[in-house]
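See structure below.
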Amino acid sequence: MDHPVVDLLKSLMSIVSTSELEHDIGVFLEHHLHSLGYTVERIAIAPGSTRHNVYAYLGAARQTRILLTAHMDTVPPHIPMTVDGDVIRGRGSSDDLGPLAAQIVAVEELRKEGRLRAEGDVGLLFVVGEENGGHGMVAANDMGVKWESGIFAEPTESKLAKGHKGQVAFEVIARGVACHSGYPHLGKSATSTLLTVLNELSATSWPESELLGPSTFNIGTLEGGEKHNIVAPSAKALCEVRMVSDLPGIKAKLAEIISRHPDVELKFVFEYPEALLDWEIEGFEAAPVAFGTDVPRLKDELCNKRVLYGPGSILVAHGPDEYIRVPELIESISGYKKLALHFLQ
């Protein structure tokens, strides 16, 4: 357990960094990277915002050939770190603080080995908000910097991701007319209307992909009504389609379905397209993943080649027993070094 990446991960996990509360971890990373000799910028994600991305590079050259990037926010609730043998448990251990720590240590090892130039080779970008809309990476499009290649960190079980699904999240809002439930013909039930729409959406066919599999529809949250003896005047559901292709077509289909139901409104919340990634790199296994990332939020013209890689498993992320195995965490440092050298050659 005595290893720089373990020490760094412990420090990161000791800080509450759930989405919207990334200030303290950003300040820690700023000071840590500055102590290692980097030029470090904390960049507000919008004018007047108290939320900041952290961008670090060597020397004076903001423009670098490759980018290593991870998100420093985690999903709530914060779960304090515990150590169980060679397993580190707690929030962020795999998603995404473990991979983030491995990226930093990988670049440090390359520096010590003399395999990086004094400036212009590598930039490190750690963003806020990946878990709730991607505001940090969206803001990175306005940094005035572009990169030849990007190495994105997520828990991919130390495989290169071939690609991942996109997502469109939306609300379905039904409006009714309240009345006494003993006389339902005098009103209109918003909950019944909403259920009819949701059943239709559940039965709808969505695009499929040989690489990424089927698109999937999910009803995330439901709310509505006032009491058991009142016909519901309002109801809404927050839903998503995890899509493998044709984001505009899916949005059009959603709008068409909703338009067939009077007193029902469709409100899009956020979206991003599917991501197809570079993965045919010697020495790495590869597989598609179903979860979403910041990859498609960074404009194509700002980062040409992209890989997604990291230790840990998404299958335990966001849950009460999130963990990462220390041997895999340490081994991923070599993976990040190989990827960096691949893109720098």
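So you can find residues: chains in the structure tokens are A, B, ... in the order shown, residues in each start at 1, and ligands are numbered from 1 in order.
If you count only C-alpha atoms and ignore residues fewer than 5 places along the chain from segment 209-224 of chain A, what sits within 7 Å of it is A:His164, A:Lys165, A:Thr191, A:Ser202, A:Ala232, A:Ser234, A:Ala235, A:Lys236, A:Ala237, A:Leu238, A:Cys239, A:Glu240, A:Val241, A:Arg242, A:Met243, A:Val244, A:Pro288.
All residues of protein, DNA or RNA that reach within 9 Å of segment 178-189 of chain A, judged by only C-alpha atoms and not counting those fewer than 3 positions away in the chain, are A:Ala174, A:Arg175, A:Ser192, A:Thr193, A:Leu194, A:Gly225, A:His228, A:Asn229, A:Ile230, A:Val231, A:Ala232, A:Pro233, A:Ser234, A:Ala235.
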Keeping only N, CA and C atoms, write the selected residues to a file as a PDB file, in the first residue's frame.
```pdb
ATOM      1  N   ALA A 174     -47.415  16.101 -17.641  1.00  0.00           N
ATOM      2  CA  ALA A 174     -48.851  15.978 -17.956  1.00  0.00           C
ATOM      3  C   ALA A 174     -49.657  16.914 -17.068  1.00  0.00           C
ATOM      4  N   ARG A 175     -50.661  17.528 -17.660  1.00  0.00           N
ATOM      5  CA  ARG A 175     -51.528  18.432 -16.915  1.00  0.00           C
ATOM      6  C   ARG A 175     -52.961  17.913 -16.977  1.00  0.00           C
ATOM      7  N   SER A 192     -52.917   9.340 -15.002  1.00  0.00           N
ATOM      8  CA  SER A 192     -53.342   8.355 -16.007  1.00  0.00           C
ATOM      9  C   SER A 192     -52.815   8.731 -17.387  1.00  0.00           C
ATOM     10  N   THR A 193     -52.881  10.007 -17.705  1.00  0.00           N
ATOM     11  CA  THR A 193     -52.345  10.465 -18.992  1.00  0.00           C
ATOM     12  C   THR A 193     -50.853  10.180 -19.084  1.00  0.00           C
ATOM     13  N   LEU A 194     -50.117  10.490 -18.013  1.00  0.00           N
ATOM     14  CA  LEU A 194     -48.673  10.264 -18.012  1.00  0.00           C
ATOM     15  C   LEU A 194     -48.350   8.790 -18.192  1.00  0.00           C
ATOM     16  N   GLY A 225     -49.735  14.183  -8.614  1.00  0.00           N
ATOM     17  CA  GLY A 225     -50.904  14.031  -7.760  1.00  0.00           C
ATOM     18  C   GLY A 225     -50.762  14.760  -6.438  1.00  0.00           C
ATOM     19  N   HIS A 228     -54.868  10.631  -2.402  1.00  0.00           N
ATOM     20  CA  HIS A 228     -55.529   9.476  -3.006  1.00  0.00           C
ATOM     21  C   HIS A 228     -56.954   9.770  -3.428  1.00  0.00           C
ATOM     22  N   ASN A 229     -57.543  10.793  -2.820  1.00  0.00           N
ATOM     23  CA  ASN A 229     -58.954  11.063  -3.119  1.00  0.00           C
ATOM     24  C   ASN A 229     -59.157  12.292  -3.991  1.00  0.00           C
ATOM     25  N   ILE A 230     -58.067  12.683  -4.679  1.00  0.00           N
ATOM     26  CA  ILE A 230     -58.148  13.805  -5.621  1.00  0.00           C
ATOM     27  C   ILE A 230     -57.661  13.329  -6.985  1.00  0.00           C
ATOM     28  N   VAL A 231     -58.434  13.560  -8.015  1.00  0.00           N
ATOM     29  CA  VAL A 231     -57.949  13.290  -9.371  1.00  0.00           C
ATOM     30  C   VAL A 231     -56.767  14.225  -9.639  1.00  0.00           C
ATOM     31  N   ALA A 232     -55.650  13.658 -10.075  1.00  0.00           N
ATOM     32  CA  ALA A 232     -54.376  14.376 -10.120  1.00  0.00           C
ATOM     33  C   ALA A 232     -54.389  15.501 -11.153  1.00  0.00           C
ATOM     34  N   PRO A 233     -54.054  16.726 -10.733  1.00  0.00           N
ATOM     35  CA  PRO A 233     -54.004  17.831 -11.691  1.00  0.00           C
ATOM     36  C   PRO A 233     -52.676  17.940 -12.430  1.00  0.00           C
ATOM     37  N   SER A 234     -51.650  17.265 -11.931  1.00  0.00           N
ATOM     38  CA  SER A 234     -50.345  17.343 -12.599  1.00  0.00           C
ATOM     39  C   SER A 234     -49.532  16.093 -12.284  1.00  0.00           C
ATOM     40  N   ALA A 235     -48.613  15.776 -13.196  1.00  0.00           N
ATOM     41  CA  ALA A 235     -47.704  14.635 -13.001  1.00  0.00           C
ATOM     42  C   ALA A 235     -46.561  14.788 -13.989  1.00  0.00           C
TER      43      ALA A 235
END
```
Can you tell me, as an MDAnalysis selection string, which residues in segment 28-179 of chain A count as alpha helix (DSSP H) by DSSP? chainID A and resid 28:35 97:112 135:140
Just the strand (DSSP E or B) stuff from segment 69-294 of chain A, please, per backbone DSSP, written as a short mmCIF file (atom, residue, chain, number, x, y, z; two decimals) with N, CA, C and O atoms, in the first residue's frame.
```cif
data_model
loop_
_atom_site.label_atom_id
_atom_site.label_comp_id
_atom_site.auth_asym_id
_atom_site.auth_seq_id
_atom_site.Cartn_x
_atom_site.Cartn_y
_atom_site.Cartn_z
N THR A 69 -7.17 13.88 -19.09
CA THR A 69 -8.27 14.56 -18.41
C THR A 69 -9.15 13.58 -17.64
O THR A 69 -9.35 12.43 -18.06
N ALA A 70 -9.65 14.06 -16.51
CA ALA A 70 -10.55 13.29 -15.66
C ALA A 70 -11.50 14.28 -14.99
O ALA A 70 -11.28 15.49 -15.03
N HIS A 71 -12.56 13.76 -14.38
CA HIS A 71 -13.45 14.65 -13.64
C HIS A 71 -13.21 14.50 -12.15
O HIS A 71 -12.99 13.40 -11.65
N THR A 74 -17.77 13.80 -7.87
CA THR A 74 -18.29 12.45 -7.64
C THR A 74 -19.80 12.55 -7.41
O THR A 74 -20.34 13.63 -7.13
N THR A 82 -12.28 3.80 3.18
CA THR A 82 -11.78 2.75 4.07
C THR A 82 -10.84 1.86 3.27
O THR A 82 -10.94 1.78 2.04
N VAL A 83 -9.93 1.20 3.96
CA VAL A 83 -8.97 0.31 3.32
C VAL A 83 -9.20 -1.10 3.84
O VAL A 83 -9.27 -1.33 5.04
N ASP A 84 -9.36 -2.03 2.89
CA ASP A 84 -9.61 -3.43 3.23
C ASP A 84 -8.59 -4.28 2.49
O ASP A 84 -8.81 -4.69 1.35
N VAL A 87 -7.70 -3.34 -1.17
CA VAL A 87 -8.88 -2.71 -1.76
C VAL A 87 -9.15 -1.38 -1.07
O VAL A 87 -9.17 -1.31 0.16
N ILE A 88 -9.32 -0.33 -1.85
CA ILE A 88 -9.70 0.98 -1.33
C ILE A 88 -11.16 1.19 -1.66
O ILE A 88 -11.58 1.13 -2.81
N ARG A 89 -11.95 1.43 -0.60
CA ARG A 89 -13.39 1.60 -0.76
C ARG A 89 -13.78 3.04 -0.47
O ARG A 89 -13.13 3.72 0.32
N VAL A 122 2.43 17.70 -22.68
CA VAL A 122 1.30 17.16 -21.93
C VAL A 122 0.59 18.24 -21.14
O VAL A 122 1.23 19.05 -20.45
N GLY A 123 -0.74 18.24 -21.23
CA GLY A 123 -1.58 19.06 -20.37
C GLY A 123 -2.48 18.16 -19.53
O GLY A 123 -2.88 17.08 -19.97
N LEU A 124 -2.78 18.60 -18.32
CA LEU A 124 -3.68 17.88 -17.42
C LEU A 124 -4.90 18.77 -17.16
O LEU A 124 -4.75 19.91 -16.72
N LEU A 125 -6.08 18.24 -17.44
CA LEU A 125 -7.31 19.00 -17.24
C LEU A 125 -8.26 18.21 -16.36
O LEU A 125 -8.68 17.10 -16.71
N PHE A 126 -8.60 18.77 -15.21
CA PHE A 126 -9.51 18.13 -14.27
C PHE A 126 -10.75 19.01 -14.13
O PHE A 126 -10.65 20.19 -13.75
N VAL A 127 -11.90 18.44 -14.47
CA VAL A 127 -13.12 19.24 -14.65
C VAL A 127 -14.15 18.96 -13.57
O VAL A 127 -14.18 17.90 -12.95
N TRP A 147 -5.79 20.17 -28.80
CA TRP A 147 -4.82 19.10 -28.60
C TRP A 147 -4.90 18.10 -29.75
O TRP A 147 -5.97 17.90 -30.33
N GLU A 148 -3.77 17.47 -30.06
CA GLU A 148 -3.77 16.42 -31.08
C GLU A 148 -4.54 15.20 -30.60
O GLU A 148 -5.25 14.55 -31.38
N SER A 149 -4.40 14.87 -29.30
CA SER A 149 -4.99 13.64 -28.76
C SER A 149 -5.44 13.87 -27.32
O SER A 149 -4.85 14.68 -26.60
N GLY A 150 -6.47 13.14 -26.93
CA GLY A 150 -6.98 13.23 -25.56
C GLY A 150 -7.10 11.86 -24.93
O GLY A 150 -7.61 10.92 -25.56
N ILE A 151 -6.62 11.73 -23.70
CA ILE A 151 -6.71 10.49 -22.93
C ILE A 151 -7.69 10.77 -21.79
O ILE A 151 -7.36 11.46 -20.82
N PHE A 152 -8.90 10.26 -21.91
CA PHE A 152 -9.96 10.50 -20.94
C PHE A 152 -9.97 9.37 -19.92
O PHE A 152 -9.90 8.18 -20.28
N ALA A 153 -10.10 9.73 -18.65
CA ALA A 153 -10.05 8.74 -17.57
C ALA A 153 -11.45 8.41 -17.07
O ALA A 153 -12.20 9.29 -16.67
N THR A 156 -12.76 1.74 -16.79
CA THR A 156 -13.07 0.85 -17.91
C THR A 156 -12.48 -0.55 -17.70
O THR A 156 -12.32 -1.30 -18.66
N LEU A 160 -9.34 -0.35 -23.20
CA LEU A 160 -9.70 0.79 -24.02
C LEU A 160 -11.17 0.65 -24.43
O LEU A 160 -11.59 -0.43 -24.86
N ALA A 161 -11.92 1.70 -24.25
CA ALA A 161 -13.32 1.67 -24.67
C ALA A 161 -13.40 1.89 -26.18
O ALA A 161 -12.79 2.82 -26.72
N LYS A 162 -14.13 1.03 -26.86
CA LYS A 162 -14.32 1.19 -28.31
C LYS A 162 -15.27 2.34 -28.61
O LYS A 162 -15.23 2.95 -29.68
N GLY A 163 -16.14 2.62 -27.68
CA GLY A 163 -17.12 3.69 -27.84
C GLY A 163 -18.11 3.62 -26.70
O GLY A 163 -18.08 2.70 -25.89
N HIS A 164 -18.97 4.63 -26.62
CA HIS A 164 -20.03 4.57 -25.62
C HIS A 164 -21.29 5.23 -26.14
O HIS A 164 -21.27 6.03 -27.08
N GLY A 166 -24.68 7.55 -26.35
CA GLY A 166 -25.06 8.91 -26.02
C GLY A 166 -26.29 8.91 -25.14
O GLY A 166 -26.78 7.86 -24.72
N GLN A 167 -26.78 10.08 -24.86
CA GLN A 167 -27.92 10.18 -23.95
C GLN A 167 -28.74 11.41 -24.27
O GLN A 167 -28.19 12.47 -24.59
N VAL A 168 -30.04 11.26 -24.18
CA VAL A 168 -30.93 12.42 -24.18
C VAL A 168 -31.86 12.24 -22.97
O VAL A 168 -32.56 11.22 -22.84
N ALA A 169 -31.80 13.21 -22.06
CA ALA A 169 -32.64 13.20 -20.86
C ALA A 169 -33.76 14.22 -21.06
O ALA A 169 -33.55 15.31 -21.62
N PHE A 170 -34.95 13.88 -20.58
CA PHE A 170 -36.10 14.74 -20.84
C PHE A 170 -37.18 14.52 -19.79
O PHE A 170 -37.26 13.46 -19.16
N GLU A 171 -38.01 15.54 -19.62
CA GLU A 171 -39.18 15.43 -18.76
C GLU A 171 -40.43 15.30 -19.61
O GLU A 171 -40.54 15.95 -20.66
N VAL A 172 -41.33 14.46 -19.15
CA VAL A 172 -42.67 14.36 -19.72
C VAL A 172 -43.62 14.93 -18.67
O VAL A 172 -43.72 14.40 -17.56
N ILE A 173 -44.31 16.01 -19.01
CA ILE A 173 -45.13 16.75 -18.04
C ILE A 173 -46.59 16.69 -18.49
O ILE A 173 -46.94 17.16 -19.58
N ALA A 174 -47.41 16.10 -17.64
CA ALA A 174 -48.85 15.98 -17.96
C ALA A 174 -49.66 16.91 -17.07
O ALA A 174 -49.37 17.06 -15.87
N ARG A 175 -50.66 17.53 -17.66
CA ARG A 175 -51.53 18.43 -16.92
C ARG A 175 -52.96 17.91 -16.98
O ARG A 175 -53.45 17.48 -18.02
N VAL A 177 -57.04 18.02 -14.60
CA VAL A 177 -58.00 18.88 -13.90
C VAL A 177 -58.40 18.17 -12.62
O VAL A 177 -58.89 17.03 -12.65
N HIS A 180 -62.98 15.72 -7.15
CA HIS A 180 -63.17 14.65 -6.17
C HIS A 180 -63.03 13.30 -6.89
O HIS A 180 -63.61 13.11 -7.97
N LYS A 188 -59.78 15.49 -14.99
CA LYS A 188 -58.92 14.73 -15.89
C LYS A 188 -57.65 14.35 -15.12
O LYS A 188 -56.99 15.22 -14.54
N GLU A 208 -30.41 0.54 -33.03
CA GLU A 208 -29.44 -0.43 -32.53
C GLU A 208 -28.14 -0.28 -33.31
O GLU A 208 -28.11 0.26 -34.42
N SER A 209 -27.06 -0.75 -32.70
CA SER A 209 -25.73 -0.65 -33.31
C SER A 209 -24.98 -1.95 -33.11
O SER A 209 -25.05 -2.55 -32.03
N GLY A 213 -24.63 -1.92 -29.35
CA GLY A 213 -25.81 -2.63 -28.90
C GLY A 213 -27.08 -1.82 -29.08
O GLY A 213 -27.14 -0.89 -29.89
N PRO A 214 -28.12 -2.11 -28.30
CA PRO A 214 -29.40 -1.41 -28.48
C PRO A 214 -29.45 -0.10 -27.70
O PRO A 214 -28.83 0.04 -26.63
N THR A 216 -31.59 2.20 -25.22
CA THR A 216 -32.48 1.79 -24.13
C THR A 216 -33.24 3.00 -23.58
O THR A 216 -32.70 4.11 -23.52
N PHE A 217 -34.48 2.77 -23.19
CA PHE A 217 -35.32 3.81 -22.59
C PHE A 217 -35.47 3.51 -21.10
O PHE A 217 -35.68 2.36 -20.69
N ASN A 218 -35.38 4.56 -20.28
CA ASN A 218 -35.51 4.38 -18.84
C ASN A 218 -36.37 5.49 -18.24
O ASN A 218 -36.24 6.66 -18.60
N ILE A 219 -37.27 5.10 -17.34
CA ILE A 219 -38.05 6.05 -16.55
C ILE A 219 -37.31 6.22 -15.23
O ILE A 219 -37.29 5.30 -14.41
N GLY A 220 -36.71 7.39 -15.03
CA GLY A 220 -35.87 7.58 -13.85
C GLY A 220 -36.64 7.96 -12.60
O GLY A 220 -36.50 7.34 -11.56
N THR A 221 -37.48 9.00 -12.69
CA THR A 221 -38.26 9.45 -11.54
C THR A 221 -39.69 9.73 -11.96
O THR A 221 -39.97 10.08 -13.11
N LEU A 222 -40.59 9.59 -11.01
CA LEU A 222 -42.01 9.88 -11.21
C LEU A 222 -42.50 10.72 -10.05
O LEU A 222 -42.14 10.48 -8.90
N GLU A 223 -43.33 11.71 -10.35
CA GLU A 223 -43.99 12.46 -9.29
C GLU A 223 -45.29 13.02 -9.83
O GLU A 223 -45.45 13.24 -11.03
N GLY A 224 -46.25 13.20 -8.91
CA GLY A 224 -47.52 13.75 -9.36
C GLY A 224 -48.63 13.51 -8.38
O GLY A 224 -48.50 12.75 -7.42
N ILE A 230 -58.07 12.68 -4.68
CA ILE A 230 -58.15 13.80 -5.62
C ILE A 230 -57.66 13.33 -6.98
O ILE A 230 -56.58 12.73 -7.08
N SER A 234 -51.65 17.27 -11.93
CA SER A 234 -50.34 17.34 -12.60
C SER A 234 -49.53 16.09 -12.28
O SER A 234 -49.71 15.46 -11.24
N ALA A 235 -48.61 15.78 -13.20
CA ALA A 235 -47.70 14.63 -13.00
C ALA A 235 -46.56 14.79 -13.99
O ALA A 235 -46.73 15.36 -15.08
N LYS A 236 -45.39 14.29 -13.61
CA LYS A 236 -44.27 14.35 -14.55
C LYS A 236 -43.31 13.21 -14.28
O LYS A 236 -43.26 12.64 -13.19
N ALA A 237 -42.54 12.89 -15.30
CA ALA A 237 -41.52 11.85 -15.22
C ALA A 237 -40.23 12.38 -15.84
O ALA A 237 -40.25 13.11 -16.83
N LEU A 238 -39.11 12.03 -15.23
CA LEU A 238 -37.79 12.32 -15.79
C LEU A 238 -37.27 11.04 -16.42
O LEU A 238 -37.14 10.01 -15.74
N CYS A 239 -37.01 11.07 -17.71
CA CYS A 239 -36.67 9.88 -18.47
C CYS A 239 -35.40 10.10 -19.27
O CYS A 239 -34.88 11.21 -19.36
N GLU A 240 -34.92 9.02 -19.86
CA GLU A 240 -33.77 9.14 -20.76
C GLU A 240 -33.83 8.05 -21.81
O GLU A 240 -34.43 7.00 -21.60
N VAL A 241 -33.22 8.34 -22.94
CA VAL A 241 -32.87 7.31 -23.91
C VAL A 241 -31.35 7.28 -23.99
O VAL A 241 -30.72 8.31 -24.28
N ARG A 242 -30.75 6.13 -23.69
CA ARG A 242 -29.33 5.91 -23.92
C ARG A 242 -29.21 5.43 -25.36
O ARG A 242 -29.60 4.31 -25.69
N MET A 243 -28.70 6.31 -26.23
CA MET A 243 -28.82 6.04 -27.65
C MET A 243 -27.47 5.71 -28.28
O MET A 243 -26.41 6.12 -27.82
N VAL A 264 -49.93 17.24 -22.70
CA VAL A 264 -48.64 16.66 -22.31
C VAL A 264 -47.53 17.47 -22.98
O VAL A 264 -47.59 17.76 -24.18
N GLU A 265 -46.52 17.82 -22.19
CA GLU A 265 -45.41 18.63 -22.67
C GLU A 265 -44.11 17.84 -22.59
O GLU A 265 -43.89 17.07 -21.65
N LEU A 266 -43.26 18.05 -23.57
CA LEU A 266 -41.93 17.46 -23.60
C LEU A 266 -40.90 18.55 -23.33
O LEU A 266 -40.91 19.59 -24.00
N LYS A 267 -40.03 18.32 -22.37
CA LYS A 267 -38.99 19.30 -22.03
C LYS A 267 -37.64 18.59 -22.01
O LYS A 267 -37.38 17.76 -21.14
N PHE A 268 -36.76 18.91 -22.96
CA PHE A 268 -35.44 18.30 -23.00
C PHE A 268 -34.57 18.91 -21.91
O PHE A 268 -34.55 20.14 -21.71
N VAL A 269 -33.81 18.07 -21.22
CA VAL A 269 -32.98 18.50 -20.09
C VAL A 269 -31.52 18.63 -20.50
O VAL A 269 -30.90 19.66 -20.30
N PHE A 270 -30.94 17.56 -21.02
CA PHE A 270 -29.60 17.64 -21.59
C PHE A 270 -29.40 16.47 -22.53
O PHE A 270 -30.17 15.51 -22.54
N GLU A 271 -28.32 16.56 -23.31
CA GLU A 271 -28.08 15.53 -24.33
C GLU A 271 -26.62 15.53 -24.73
O GLU A 271 -25.91 16.52 -24.56
N TYR A 272 -26.18 14.41 -25.24
CA TYR A 272 -24.89 14.32 -25.93
C TYR A 272 -24.95 13.10 -26.85
O TYR A 272 -25.67 12.14 -26.57
N ALA A 275 -20.28 8.27 -28.66
CA ALA A 275 -18.85 8.54 -28.90
C ALA A 275 -18.20 7.29 -29.47
O ALA A 275 -18.33 6.19 -28.92
N LEU A 276 -17.53 7.46 -30.60
CA LEU A 276 -16.73 6.39 -31.21
C LEU A 276 -15.27 6.75 -31.01
O LEU A 276 -14.84 7.86 -31.36
N ALA A 286 -9.83 -4.24 -25.55
CA ALA A 286 -10.80 -3.20 -25.86
C ALA A 286 -12.21 -3.77 -25.84
O ALA A 286 -12.43 -4.94 -26.16
N ALA A 287 -13.16 -2.92 -25.44
CA ALA A 287 -14.57 -3.32 -25.40
C ALA A 287 -15.43 -2.06 -25.38
O ALA A 287 -14.99 -1.01 -24.88
N PRO A 288 -16.66 -2.12 -25.91
CA PRO A 288 -17.57 -0.97 -25.79
C PRO A 288 -18.09 -0.84 -24.37
O PRO A 288 -18.10 -1.81 -23.60
N VAL A 289 -18.54 0.36 -23.99
CA VAL A 289 -19.14 0.58 -22.68
C VAL A 289 -20.50 1.24 -22.87
O VAL A 289 -20.75 1.89 -23.89
#
```
Counting only C-alpha atoms, which residue out of A:Arg51, A:Lys338, A:Lys305, A:Arg91 sits closest to Val27 of chain A? A:Arg51
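Minimum atom-to-atom distance to Gly292 of chain A, evaluated using only C-alpha atoms, belongs to A:Glu130 out of A:Gly114, A:Ser259, A:Pro311, A:Glu130.
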Å distance separating atom CA of Ala60 of chain A from atom CA of Arg111 of chain A, one decimal place: 16.2 Å
To one decimal place, how far is atom CA of Ala139 of chain A from atom CA of Glu30 of chain A in Å? 18.0 Å
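Those residues that approach Val105 of chain A to within 12 Å, counting only C-alpha atoms, are His3, Pro4, Val5, Val6, Asp7, Leu8, Leu9, His32, Leu33, Leu36, Leu68, Gly98, Pro99, Leu100, Leu110, Arg111, Lys112, Leu124, Leu329, Ile330, Glu331, Ser332, Ile333, Ser334, Gly335, Tyr336 and Lys337 of chain A; same-chain residues fewer than 5 positions away are not listed.
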Save the residues we just selected, N, CA, C and O atoms, as a compact mmCIF listing (two decimals), in the first residue's frame?
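Printed below is out_36.txt as written:
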```
# COMPACT_ATOMS: atom_id res chain seq x y z
N HIS A 3 2.66 3.54 -1.92
CA HIS A 3 2.89 3.92 -3.31
C HIS A 3 2.35 5.34 -3.51
O HIS A 3 1.31 5.70 -2.93
N PRO A 4 3.02 6.17 -4.32
CA PRO A 4 2.54 7.54 -4.51
C PRO A 4 1.10 7.65 -4.98
O PRO A 4 0.38 8.57 -4.56
N VAL A 5 0.65 6.74 -5.83
CA VAL A 5 -0.73 6.84 -6.32
C VAL A 5 -1.73 6.54 -5.22
O VAL A 5 -2.82 7.13 -5.17
N VAL A 6 -1.37 5.64 -4.31
CA VAL A 6 -2.25 5.34 -3.18
C VAL A 6 -2.32 6.54 -2.24
O VAL A 6 -3.40 6.93 -1.78
N ASP A 7 -1.17 7.14 -1.96
CA ASP A 7 -1.15 8.32 -1.09
C ASP A 7 -1.98 9.45 -1.68
O ASP A 7 -2.73 10.12 -0.96
N LEU A 8 -1.83 9.67 -2.98
CA LEU A 8 -2.58 10.74 -3.63
C LEU A 8 -4.08 10.46 -3.61
O LEU A 8 -4.90 11.34 -3.31
N LEU A 9 -4.45 9.22 -3.89
CA LEU A 9 -5.87 8.87 -3.89
C LEU A 9 -6.47 9.05 -2.50
O LEU A 9 -7.59 9.55 -2.35
N HIS A 32 -1.28 20.95 -5.18
CA HIS A 32 -0.48 19.75 -5.38
C HIS A 32 0.31 19.82 -6.68
O HIS A 32 1.53 19.55 -6.71
N LEU A 33 -0.36 20.19 -7.75
CA LEU A 33 0.31 20.25 -9.05
C LEU A 33 1.34 21.38 -9.08
O LEU A 33 2.42 21.24 -9.68
N LEU A 36 4.54 20.28 -7.64
CA LEU A 36 5.29 19.38 -8.52
C LEU A 36 5.97 20.13 -9.66
O LEU A 36 6.68 19.51 -10.46
N LEU A 68 -4.41 14.81 -20.90
CA LEU A 68 -4.92 13.80 -19.99
C LEU A 68 -5.98 14.46 -19.14
O LEU A 68 -5.73 15.52 -18.53
N GLY A 98 -9.63 7.64 -8.54
CA GLY A 98 -8.55 6.67 -8.75
C GLY A 98 -7.88 6.85 -10.10
O GLY A 98 -6.65 7.00 -10.19
N PRO A 99 -8.65 6.86 -11.20
CA PRO A 99 -8.05 7.13 -12.51
C PRO A 99 -7.36 8.49 -12.58
O PRO A 99 -6.30 8.62 -13.19
N LEU A 100 -7.93 9.51 -11.95
CA LEU A 100 -7.31 10.84 -11.95
C LEU A 100 -5.94 10.79 -11.30
O LEU A 100 -4.96 11.34 -11.83
N LEU A 110 6.87 9.79 -16.28
CA LEU A 110 7.44 10.13 -17.59
C LEU A 110 8.41 11.30 -17.48
O LEU A 110 9.46 11.33 -18.14
N ARG A 111 8.09 12.27 -16.64
CA ARG A 111 9.01 13.40 -16.43
C ARG A 111 10.34 12.91 -15.84
O ARG A 111 11.41 13.29 -16.32
N LYS A 112 10.24 12.09 -14.81
CA LYS A 112 11.46 11.61 -14.14
C LYS A 112 12.31 10.74 -15.06
O LYS A 112 13.53 10.69 -14.92
N LEU A 124 -2.78 18.60 -18.32
CA LEU A 124 -3.68 17.88 -17.42
C LEU A 124 -4.90 18.77 -17.16
O LEU A 124 -4.75 19.91 -16.72
N LEU A 329 -4.94 -0.32 -9.81
CA LEU A 329 -4.67 1.12 -9.80
C LEU A 329 -3.20 1.39 -10.16
O LEU A 329 -2.91 2.25 -11.00
N ILE A 330 -2.30 0.66 -9.54
CA ILE A 330 -0.88 0.85 -9.81
C ILE A 330 -0.54 0.45 -11.25
O ILE A 330 0.21 1.16 -11.94
N GLU A 331 -1.10 -0.65 -11.72
CA GLU A 331 -0.81 -1.11 -13.07
C GLU A 331 -1.31 -0.13 -14.12
O GLU A 331 -0.71 0.02 -15.19
N SER A 332 -2.38 0.60 -13.81
CA SER A 332 -2.93 1.54 -14.79
C SER A 332 -1.97 2.69 -15.07
O SER A 332 -2.07 3.34 -16.12
N ILE A 333 -1.06 2.96 -14.16
CA ILE A 333 -0.06 4.00 -14.41
C ILE A 333 0.74 3.65 -15.66
O ILE A 333 0.98 4.51 -16.52
N SER A 334 1.12 2.40 -15.78
CA SER A 334 1.84 1.95 -16.99
C SER A 334 0.97 2.11 -18.22
O SER A 334 1.45 2.47 -19.30
N GLY A 335 -0.34 1.85 -18.07
CA GLY A 335 -1.25 2.02 -19.20
C GLY A 335 -1.32 3.46 -19.67
O GLY A 335 -1.25 3.73 -20.88
N TYR A 336 -1.43 4.39 -18.73
CA TYR A 336 -1.46 5.80 -19.11
C TYR A 336 -0.14 6.24 -19.74
O TYR A 336 -0.13 7.04 -20.69
N LYS A 337 0.96 5.72 -19.24
CA LYS A 337 2.26 6.07 -19.82
C LYS A 337 2.35 5.55 -21.26
O LYS A 337 2.81 6.27 -22.16
```
Using only C-alpha atoms, the best pick from A:Ser313, A:Leu58, A:Ile250, A:Ala46 as closest to Glu108 of chain A would be A:Leu58
